[in-house]
>>> print(open('structure24.cif').read())   # mmCIF, C-alpha atoms; chains and numbers go by the auth columns
data_query
#
loop_
_atom_site.group_PDB
_atom_site.id
_atom_site.type_symbol
_atom_site.label_atom_id
_atom_site.label_comp_id
_atom_site.label_asym_id
_atom_site.label_seq_id
_atom_site.Cartn_x
_atom_site.Cartn_y
_atom_site.Cartn_z
_atom_site.B_iso_or_equiv
_atom_site.auth_seq_id
_atom_site.auth_asym_id
ATOM 1 C CA MET A 1 46.299 156.194 131.833 0.00 1 A
ATOM 2 C CA ASN A 2 47.986 159.118 130.063 0.00 2 A
ATOM 3 C CA THR A 3 46.267 161.396 127.544 0.00 3 A
ATOM 4 C CA LEU A 4 47.701 159.769 124.409 0.00 4 A
ATOM 5 C CA ARG A 5 46.839 156.279 125.649 0.00 5 A
ATOM 6 C CA ARG A 6 43.262 157.409 126.337 0.00 6 A
ATOM 7 C CA MET A 7 43.047 158.811 122.814 0.00 7 A
ATOM 8 C CA VAL A 8 44.394 155.586 121.369 0.00 8 A
ATOM 9 C CA LEU A 9 41.629 153.641 123.083 0.00 9 A
ATOM 10 C CA ALA A 10 38.965 156.179 122.118 0.00 10 A
ATOM 11 C CA LEU A 11 39.999 156.448 118.481 0.00 11 A
ATOM 12 C CA GLY A 12 40.863 152.792 118.294 0.00 12 A
ATOM 13 C CA ILE A 13 37.382 151.520 118.933 0.00 13 A
ATOM 14 C CA PHE A 14 36.536 152.702 115.429 0.00 14 A
ATOM 15 C CA ILE A 15 39.166 150.473 113.831 0.00 15 A
ATOM 16 C CA GLY A 16 37.410 147.511 112.322 0.00 16 A
ATOM 17 C CA ALA A 17 34.553 149.599 110.977 0.00 17 A
ATOM 18 C CA ASN A 18 31.871 147.695 109.163 0.00 18 A
ATOM 19 C CA PHE A 19 32.044 148.993 105.575 0.00 19 A
ATOM 20 C CA ASN A 20 28.276 148.530 105.249 0.00 20 A
ATOM 21 C CA VAL A 21 28.002 151.661 107.409 0.00 21 A
ATOM 22 C CA LEU A 22 29.581 153.722 104.670 0.00 22 A
ATOM 23 C CA LEU A 23 26.992 152.621 102.158 0.00 23 A
ATOM 24 C CA VAL A 24 23.922 153.520 104.191 0.00 24 A
ATOM 25 C CA SER A 25 22.286 156.819 103.373 0.00 25 A
ATOM 26 C CA ALA A 26 22.035 159.612 105.924 0.00 26 A
ATOM 27 C CA GLN A 27 18.260 159.206 106.004 0.00 27 A
ATOM 28 C CA GLU A 28 18.659 155.612 107.192 0.00 28 A
ATOM 29 C CA LEU A 29 21.499 156.073 109.655 0.00 29 A
ATOM 30 C CA SER A 30 22.050 158.557 112.477 0.00 30 A
ATOM 31 C CA ALA A 31 25.499 159.560 113.688 0.00 31 A
ATOM 32 C CA GLN A 32 25.062 157.446 116.824 0.00 32 A
ATOM 33 C CA GLU A 33 23.933 154.460 114.788 0.00 33 A
ATOM 34 C CA ALA A 34 26.984 154.877 112.568 0.00 34 A
ATOM 35 C CA VAL A 35 29.261 154.960 115.608 0.00 35 A
ATOM 36 C CA ASP A 36 27.526 151.901 117.042 0.00 36 A
ATOM 37 C CA GLN A 37 28.019 149.956 113.829 0.00 37 A
ATOM 38 C CA TYR A 38 31.633 151.033 113.565 0.00 38 A
ATOM 39 C CA ILE A 39 32.288 149.723 117.051 0.00 39 A
ATOM 40 C CA SER A 40 30.383 146.473 116.551 0.00 40 A
ATOM 41 C CA GLY A 41 32.830 145.511 113.825 0.00 41 A
ATOM 42 C CA LEU A 42 35.874 146.182 115.980 0.00 42 A
ATOM 43 C CA LEU A 43 36.359 142.893 117.775 0.00 43 A
ATOM 44 C CA THR A 44 36.011 140.729 114.682 0.00 44 A
ATOM 45 C CA THR A 45 38.355 142.809 112.564 0.00 45 A
ATOM 46 C CA MET A 46 40.998 143.374 115.248 0.00 46 A
ATOM 47 C CA GLU A 47 41.045 139.698 116.146 0.00 47 A
ATOM 48 C CA THR A 48 41.626 138.978 112.460 0.00 48 A
ATOM 49 C CA ILE A 49 44.451 141.444 111.852 0.00 49 A
ATOM 50 C CA ARG A 50 46.185 141.522 115.252 0.00 50 A
ATOM 51 C CA PRO A 51 48.351 138.416 114.534 0.00 51 A
ATOM 52 C CA LEU A 52 49.706 140.223 111.464 0.00 52 A
ATOM 53 C CA TYR A 53 51.452 142.696 113.754 0.00 53 A
ATOM 54 C CA GLU A 54 54.045 140.036 114.516 0.00 54 A
ATOM 55 C CA SER A 55 54.053 138.120 111.239 0.00 55 A
ATOM 56 C CA ASP A 56 53.473 140.779 108.553 0.00 56 A
ATOM 57 C CA GLN A 57 53.565 144.389 109.752 0.00 57 A
ATOM 58 C CA ALA A 58 53.163 145.810 106.244 0.00 58 A
ATOM 59 C CA ALA A 59 49.846 143.975 105.905 0.00 59 A
ATOM 60 C CA TYR A 60 48.829 144.907 109.455 0.00 60 A
ATOM 61 C CA PHE A 61 49.470 148.633 109.066 0.00 61 A
ATOM 62 C CA GLY A 62 47.904 148.561 105.608 0.00 62 A
ATOM 63 C CA ALA A 63 44.712 147.147 107.114 0.00 63 A
ATOM 64 C CA VAL A 64 44.763 149.726 109.914 0.00 64 A
ATOM 65 C CA GLU A 65 45.237 152.548 107.388 0.00 65 A
ATOM 66 C CA ASN A 66 42.340 151.317 105.253 0.00 66 A
ATOM 67 C CA GLU A 67 40.044 151.190 108.259 0.00 67 A
ATOM 68 C CA LEU A 68 41.179 154.537 109.653 0.00 68 A
ATOM 69 C CA THR A 69 40.754 156.257 106.298 0.00 69 A
ATOM 70 C CA SER A 70 37.254 154.851 105.969 0.00 70 A
ATOM 71 C CA PHE A 71 35.871 156.998 108.787 0.00 71 A
ATOM 72 C CA VAL A 72 38.288 159.896 109.420 0.00 72 A
ATOM 73 C CA ASP A 73 38.306 162.935 107.135 0.00 73 A
ATOM 74 C CA PHE A 74 42.031 163.589 107.423 0.00 74 A
ATOM 75 C CA ARG A 75 41.862 166.777 105.382 0.00 75 A
ATOM 76 C CA GLU A 76 39.353 168.266 107.824 0.00 76 A
ATOM 77 C CA VAL A 77 41.394 167.106 110.808 0.00 77 A
ATOM 78 C CA ALA A 78 44.614 168.431 109.257 0.00 78 A
ATOM 79 C CA ARG A 79 42.961 171.800 108.648 0.00 79 A
ATOM 80 C CA GLY A 80 41.986 171.912 112.315 0.00 80 A
ATOM 81 C CA VAL A 81 45.479 170.930 113.453 0.00 81 A
ATOM 82 C CA MET A 82 47.032 173.699 111.332 0.00 82 A
ATOM 83 C CA ALA A 83 44.415 176.132 112.649 0.00 83 A
ATOM 84 C CA LYS A 84 45.670 179.705 112.076 0.00 84 A
ATOM 85 C CA TYR A 85 48.559 178.433 109.942 0.00 85 A
ATOM 86 C CA GLY A 86 46.131 176.989 107.434 0.00 86 A
ATOM 87 C CA GLN A 87 44.240 180.249 106.861 0.00 87 A
ATOM 88 C CA GLY A 88 44.786 183.679 105.353 0.00 88 A
ATOM 89 C CA PRO A 89 47.210 184.928 102.681 0.00 89 A
ATOM 90 C CA ASN A 90 50.255 183.654 104.601 0.00 90 A
ATOM 91 C CA GLY A 91 48.681 180.342 105.529 0.00 91 A
ATOM 92 C CA ALA A 92 49.128 176.921 103.985 0.00 92 A
ATOM 93 C CA THR A 93 48.430 176.477 100.297 0.00 93 A
ATOM 94 C CA VAL A 94 45.995 173.832 99.049 0.00 94 A
ATOM 95 C CA GLU A 95 48.972 171.672 98.121 0.00 95 A
ATOM 96 C CA GLN A 96 50.555 172.072 101.584 0.00 96 A
ATOM 97 C CA LEU A 97 47.287 171.188 103.292 0.00 97 A
ATOM 98 C CA SER A 98 46.968 168.059 101.151 0.00 98 A
ATOM 99 C CA ARG A 99 50.560 167.039 101.902 0.00 99 A
ATOM 100 C CA PHE A 100 50.107 167.585 105.615 0.00 100 A
ATOM 101 C CA ALA A 101 46.905 165.516 105.599 0.00 101 A
ATOM 102 C CA ILE A 102 48.878 162.615 104.091 0.00 102 A
ATOM 103 C CA VAL A 103 51.780 162.999 106.542 0.00 103 A
ATOM 104 C CA PHE A 104 49.394 163.345 109.478 0.00 104 A
ATOM 105 C CA ARG A 105 47.501 160.215 108.415 0.00 105 A
ATOM 106 C CA SER A 106 50.721 158.207 108.162 0.00 106 A
ATOM 107 C CA SER A 107 51.866 159.300 111.601 0.00 107 A
ATOM 108 C CA LEU A 108 48.545 158.349 113.179 0.00 108 A
ATOM 109 C CA VAL A 109 48.468 154.966 111.462 0.00 109 A
ATOM 110 C CA GLU A 110 51.920 154.118 112.798 0.00 110 A
ATOM 111 C CA PHE A 111 51.253 155.350 116.324 0.00 111 A
ATOM 112 C CA TYR A 112 47.709 154.091 116.794 0.00 112 A
ATOM 113 C CA GLY A 113 48.352 150.859 114.929 0.00 113 A
ATOM 114 C CA SER A 114 51.222 149.961 117.249 0.00 114 A
ATOM 115 C CA ALA A 115 49.224 150.829 120.352 0.00 115 A
ATOM 116 C CA LEU A 116 46.089 148.994 119.241 0.00 116 A
ATOM 117 C CA ALA A 117 48.048 145.778 118.734 0.00 117 A
ATOM 118 C CA GLU A 118 48.414 145.595 122.533 0.00 118 A
ATOM 119 C CA TYR A 119 44.754 146.132 123.411 0.00 119 A
ATOM 120 C CA GLY A 120 42.090 143.556 124.082 0.00 120 A
ATOM 121 C CA GLY A 121 38.347 144.099 124.299 0.00 121 A
ATOM 122 C CA VAL A 122 36.414 147.174 125.251 0.00 122 A
ATOM 123 C CA GLU A 123 32.894 147.728 126.580 0.00 123 A
ATOM 124 C CA TYR A 124 30.932 150.878 125.861 0.00 124 A
ATOM 125 C CA GLU A 125 27.637 152.611 126.439 0.00 125 A
ATOM 126 C CA PHE A 126 26.198 155.723 124.841 0.00 126 A
ATOM 127 C CA LEU A 127 25.521 158.814 126.946 0.00 127 A
ATOM 128 C CA GLU A 128 22.995 161.579 126.467 0.00 128 A
ATOM 129 C CA ASN A 129 24.355 164.578 124.598 0.00 129 A
ATOM 130 C CA ARG A 130 24.769 167.675 126.754 0.00 130 A
ATOM 131 C CA THR A 131 24.499 170.023 123.761 0.00 131 A
ATOM 132 C CA GLU A 132 22.547 169.608 120.558 0.00 132 A
ATOM 133 C CA SER A 133 24.083 170.381 117.175 0.00 133 A
ATOM 134 C CA SER A 134 22.825 173.508 115.429 0.00 134 A
ATOM 135 C CA ASN A 135 22.429 171.395 112.281 0.00 135 A
ATOM 136 C CA PRO A 136 21.815 167.781 113.377 0.00 136 A
ATOM 137 C CA GLU A 137 21.260 166.608 109.815 0.00 137 A
ATOM 138 C CA ARG A 138 24.825 167.598 108.887 0.00 138 A
ATOM 139 C CA SER A 139 26.830 167.279 112.110 0.00 139 A
ATOM 140 C CA SER A 140 26.408 165.592 115.457 0.00 140 A
ATOM 141 C CA ASN A 141 28.238 164.882 118.695 0.00 141 A
ATOM 142 C CA VAL A 142 28.169 161.314 119.968 0.00 142 A
ATOM 143 C CA ARG A 143 29.065 160.769 123.631 0.00 143 A
ATOM 144 C CA MET A 144 29.930 157.454 125.206 0.00 144 A
ATOM 145 C CA SER A 145 31.609 155.846 128.169 0.00 145 A
ATOM 146 C CA LEU A 146 34.366 153.311 127.416 0.00 146 A
ATOM 147 C CA LEU A 147 35.627 150.558 129.686 0.00 147 A
ATOM 148 C CA GLY A 148 39.033 149.291 128.573 0.00 148 A
ATOM 149 C CA ASP A 149 40.516 145.876 129.204 0.00 149 A
ATOM 150 C CA ASP A 150 42.559 147.392 132.050 0.00 150 A
ATOM 151 C CA GLY A 151 39.376 148.384 133.916 0.00 151 A
ATOM 152 C CA ASP A 152 39.823 152.110 133.271 0.00 152 A
ATOM 153 C CA ARG A 153 36.624 153.950 132.285 0.00 153 A
ATOM 154 C CA ILE A 154 36.784 157.134 130.215 0.00 154 A
ATOM 155 C CA GLU A 155 34.256 159.479 128.636 0.00 155 A
ATOM 156 C CA VAL A 156 34.585 160.247 124.937 0.00 156 A
ATOM 157 C CA GLN A 157 32.842 162.591 122.523 0.00 157 A
ATOM 158 C CA TYR A 158 33.066 162.061 118.770 0.00 158 A
ATOM 159 C CA THR A 159 32.373 165.012 116.481 0.00 159 A
ATOM 160 C CA MET A 160 30.820 163.534 113.344 0.00 160 A
ATOM 161 C CA PHE A 161 29.751 165.247 110.125 0.00 161 A
ATOM 162 C CA LEU A 162 28.173 164.279 106.820 0.00 162 A
ATOM 163 C CA ASN A 163 30.587 164.772 103.938 0.00 163 A
ATOM 164 C CA GLU A 164 29.582 165.680 100.382 0.00 164 A
ATOM 165 C CA ASP A 165 28.774 162.015 99.724 0.00 165 A
ATOM 166 C CA ARG A 166 26.486 162.063 102.782 0.00 166 A
ATOM 167 C CA ILE A 167 28.691 159.641 104.688 0.00 167 A
ATOM 168 C CA TRP A 168 29.297 160.134 108.397 0.00 168 A
ATOM 169 C CA LYS A 169 32.963 160.984 109.035 0.00 169 A
ATOM 170 C CA LEU A 170 34.954 161.787 112.156 0.00 170 A
ATOM 171 C CA ARG A 171 36.119 165.413 112.366 0.00 171 A
ATOM 172 C CA ASN A 172 37.334 165.627 115.945 0.00 172 A
ATOM 173 C CA LEU A 173 37.582 163.724 119.203 0.00 173 A
ATOM 174 C CA TYR A 174 37.371 164.729 122.850 0.00 174 A
ATOM 175 C CA VAL A 175 38.650 162.428 125.606 0.00 175 A
ATOM 176 C CA GLU A 176 37.697 163.481 129.138 0.00 176 A
ATOM 177 C CA GLY A 177 37.279 166.972 127.717 0.00 177 A
ATOM 178 C CA VAL A 178 40.682 166.988 125.994 0.00 178 A
ATOM 179 C CA ASN A 179 40.445 168.172 122.381 0.00 179 A
ATOM 180 C CA LEU A 180 42.420 165.890 120.012 0.00 180 A
ATOM 181 C CA ARG A 181 42.936 168.536 117.332 0.00 181 A
ATOM 182 C CA ARG A 182 44.032 171.091 119.898 0.00 182 A
ATOM 183 C CA GLN A 183 46.585 168.637 121.303 0.00 183 A
ATOM 184 C CA TYR A 184 48.110 168.177 117.868 0.00 184 A
ATOM 185 C CA TYR A 185 47.853 171.893 117.105 0.00 185 A
ATOM 186 C CA SER A 186 50.089 172.578 120.111 0.00 186 A
ATOM 187 C CA ARG A 187 52.742 170.361 118.551 0.00 187 A
ATOM 188 C CA PHE A 188 52.318 171.994 115.124 0.00 188 A
ATOM 189 C CA ASP A 189 52.555 175.462 116.666 0.00 189 A
ATOM 190 C CA ASN A 190 55.692 174.431 118.580 0.00 190 A
ATOM 191 C CA LEU A 191 57.339 173.177 115.386 0.00 191 A
ATOM 192 C CA MET A 192 56.390 176.355 113.522 0.00 192 A
ATOM 193 C CA ASN A 193 57.962 178.547 116.199 0.00 193 A
ATOM 194 C CA ARG A 194 61.139 176.468 116.238 0.00 194 A
ATOM 195 C CA ASN A 195 61.489 176.431 112.444 0.00 195 A
ATOM 196 C CA ASP A 196 60.988 180.067 111.430 0.00 196 A
ATOM 197 C CA PHE A 197 57.332 179.461 110.526 0.00 197 A
ATOM 198 C CA ASP A 198 58.367 177.422 107.497 0.00 198 A
ATOM 199 C CA ILE A 199 55.309 175.269 106.771 0.00 199 A
ATOM 200 C CA ASP A 200 57.126 173.019 104.301 0.00 200 A
ATOM 201 C CA ARG A 201 59.855 172.306 106.843 0.00 201 A
ATOM 202 C CA VAL A 202 57.322 171.581 109.583 0.00 202 A
ATOM 203 C CA ILE A 203 55.453 169.149 107.346 0.00 203 A
ATOM 204 C CA GLY A 204 58.741 167.400 106.643 0.00 204 A
ATOM 205 C CA LEU A 205 59.580 167.179 110.361 0.00 205 A
ATOM 206 C CA TRP A 206 56.141 166.124 111.570 0.00 206 A
ATOM 207 C CA GLU A 207 55.861 163.016 113.648 0.00 207 A
ATOM 208 C CA VAL A 208 53.575 161.909 116.460 0.00 208 A
ATOM 209 C CA GLU A 209 55.360 161.837 119.785 0.00 209 A
ATOM 210 C CA GLU A 210 55.044 158.597 121.730 0.00 210 A
#
>>> encode(input="structure24.cif", output="structure tokens")
Amino acid sequence: MNTLRRMVLALGIFIGANFNVLLVSAQELSAQEAVDQYISGLLTTMETIRPLYESDQAAYFGAVENELTSFVDFREVARGVMAKYGQGPNGATVEQLSRFAIVFRSSLVEFYGSALAEYGGVEYEFLENRTESSNPERSSNVRMSLLGDDGDRIEVQYTMFLNEDRIWKLRNLYVEGVNLRRQYYSRFDNLMNRNDFDIDRVIGLWEVEE
């Protein structure tokens, strides 16, 4: 299983998140409990929307986007993908960061939505964290082992944080030690070098490679 396919499976288990998770206060729900509830809603939701992939793709991708947006803070992820290009006096402006977050979200919805349409069930179990967060009430790493429908088992770590509304959101993802944001940063950096470090042009050219 290649890196992108592993990341599809790892990120995809969140699709179908139970919206009740988003309404529970931080005092009542830990990061691991939030992840567990997100996953528990997967099978029901994916079984409901998967047929739309063939009959009504606009509705299918709309549902995927709604679910993805419910747990991923795309602005935070986009900031991490831009890395050094999103900081300092010559870095991205607030408007450029916002535009890239939207473009990045759209590219992920298209790529992950298409890949998820082909997947069946998945089994998972939580693993003990190797490192504790310095501020567990605001951020937390959640480790788990996933068993896909093809029999391939992978280890995943979700980096979760509490946003200003005290809702657990996904900030980053590691699959078998591979950093999702760093993978996408490599592509962003490549585009910047090939396009005279023109951030607006890079945002316009951005797409997720299959």
>>> residues_around(input="structure24.cif", residues="Val64 (chain A)", least_positions_apart="4", cutoff="7 Å", atoms="all atoms listed in the file", output="list in words")
Ile15, Tyr60, Leu68, Val109 and Gly113 of chain A
>>> write_last_selection(input="structure24.cif", atoms="C-alpha atoms", output="PDB file, keeping the file's coordinate frame")
ATOM      1  CA  ILE A  15      39.166 150.473 113.831  1.00  0.00           C
ATOM      2  CA  TYR A  60      48.829 144.907 109.455  1.00  0.00           C
ATOM      3  CA  LEU A  68      41.179 154.537 109.653  1.00  0.00           C
ATOM      4  CA  VAL A 109      48.468 154.966 111.462  1.00  0.00           C
ATOM      5  CA  GLY A 113      48.352 150.859 114.929  1.00  0.00           C
TER       6      GLY A 113
END
>>> atom_distance(input="structure24.cif", atom1="CA of Ile199 (chain A)", atom2="CA of Ile102 (chain A)")
14.4 Å
>>> closest_residue(input="structure24.cif", among="A:Leu162, A:Ala63, A:Val77, A:Leu127", to="Ser139 (chain A)", atoms="all atoms listed in the file")
A:Leu162
>>> closest_atom_pairs(input="structure24.cif", of="region 89-133 of chain A", to="region 140-145 of chain A", cutoff="8 Å", atoms="only C-alpha atoms", output="JSON lines")
{"residue": "A:Tyr124", "atom": "CA", "partner": "A:Ser145", "partner_atom": "CA", "distance": 5.5}
{"residue": "A:Glu125", "atom": "CA", "partner": "A:Ser145", "partner_atom": "CA", "distance": 5.4}
{"residue": "A:Phe126", "atom": "CA", "partner": "A:Met144", "partner_atom": "CA", "distance": 4.1}
{"residue": "A:Leu127", "atom": "CA", "partner": "A:Met144", "partner_atom": "CA", "distance": 4.9}
{"residue": "A:Glu128", "atom": "CA", "partner": "A:Arg143", "partner_atom": "CA", "distance": 6.7}
{"residue": "A:Asn129", "atom": "CA", "partner": "A:Arg143", "partner_atom": "CA", "distance": 6.1}
{"residue": "A:Glu132", "atom": "CA", "partner": "A:Ser140", "partner_atom": "CA", "distance": 7.6}
{"residue": "A:Ser133", "atom": "CA", "partner": "A:Ser140", "partner_atom": "CA", "distance": 5.6}
>>> atom_distance(input="structure24.cif", atom1="CA of Tyr53 (chain A)", atom2="CA of Gln157 (chain A)")
28.6 Å
>>> resolve_selection(input="structure24.cif", expression="the PyMOL selection byres ((chain A and resi 168) around 10)", output="PyMOL selection string")
chain A and resi 21-22+24-26+29-32+34-35+70-73+138-140+159-167+169-171
>>> write_last_selection(input="structure24.cif", atoms="C-alpha atoms", output="short mmCIF file (atom, residue, chain, number, x, y, z; two decimals), keeping the file's coordinate frame")
data_model
loop_
_atom_site.label_atom_id
_atom_site.label_comp_id
_atom_site.auth_asym_id
_atom_site.auth_seq_id
_atom_site.Cartn_x
_atom_site.Cartn_y
_atom_site.Cartn_z
CA VAL A 21 28.00 151.66 107.41
CA LEU A 22 29.58 153.72 104.67
CA VAL A 24 23.92 153.52 104.19
CA SER A 25 22.29 156.82 103.37
CA ALA A 26 22.04 159.61 105.92
CA LEU A 29 21.50 156.07 109.66
CA SER A 30 22.05 158.56 112.48
CA ALA A 31 25.50 159.56 113.69
CA GLN A 32 25.06 157.45 116.82
CA ALA A 34 26.98 154.88 112.57
CA VAL A 35 29.26 154.96 115.61
CA SER A 70 37.25 154.85 105.97
CA PHE A 71 35.87 157.00 108.79
CA VAL A 72 38.29 159.90 109.42
CA ASP A 73 38.31 162.94 107.14
CA ARG A 138 24.82 167.60 108.89
CA SER A 139 26.83 167.28 112.11
CA SER A 140 26.41 165.59 115.46
CA THR A 159 32.37 165.01 116.48
CA MET A 160 30.82 163.53 113.34
CA PHE A 161 29.75 165.25 110.12
CA LEU A 162 28.17 164.28 106.82
CA ASN A 163 30.59 164.77 103.94
CA GLU A 164 29.58 165.68 100.38
CA ASP A 165 28.77 162.01 99.72
CA ARG A 166 26.49 162.06 102.78
CA ILE A 167 28.69 159.64 104.69
CA LYS A 169 32.96 160.98 109.04
CA LEU A 170 34.95 161.79 112.16
CA ARG A 171 36.12 165.41 112.37
#
>>> resolve_selection(input="structure24.cif", expression="the PyMOL selection byres ((chain A and resi 183-187) around 12)", output="count of residues only")
40
>>> closest_residue(input="structure24.cif", among="A:Ser114, A:Thr45, A:Asn135, A:Thr69", to="Ala101 (chain A)", atoms="all atoms listed in the file")
A:Thr69
>>> atom_distance(input="structure24.cif", atom1="CA of Arg99 (chain A)", atom2="CA of Leu52 (chain A)")
28.5 Å
>>> axis_aligned_box(input="structure24.cif", around="region 103-106 of chain A", padding_each_side="4 Å", output="JSON")
{"center_x": 49.6, "center_y": 160.8, "center_z": 108.0, "size_x": 12.3, "size_y": 13.1, "size_z": 10.9}
>>> closest_residue(input="structure24.cif", among="A:Thr131, A:Arg105, A:Glu54, A:Glu123", to="Ile154 (chain A)", atoms="all atoms listed in the file")
A:Glu123
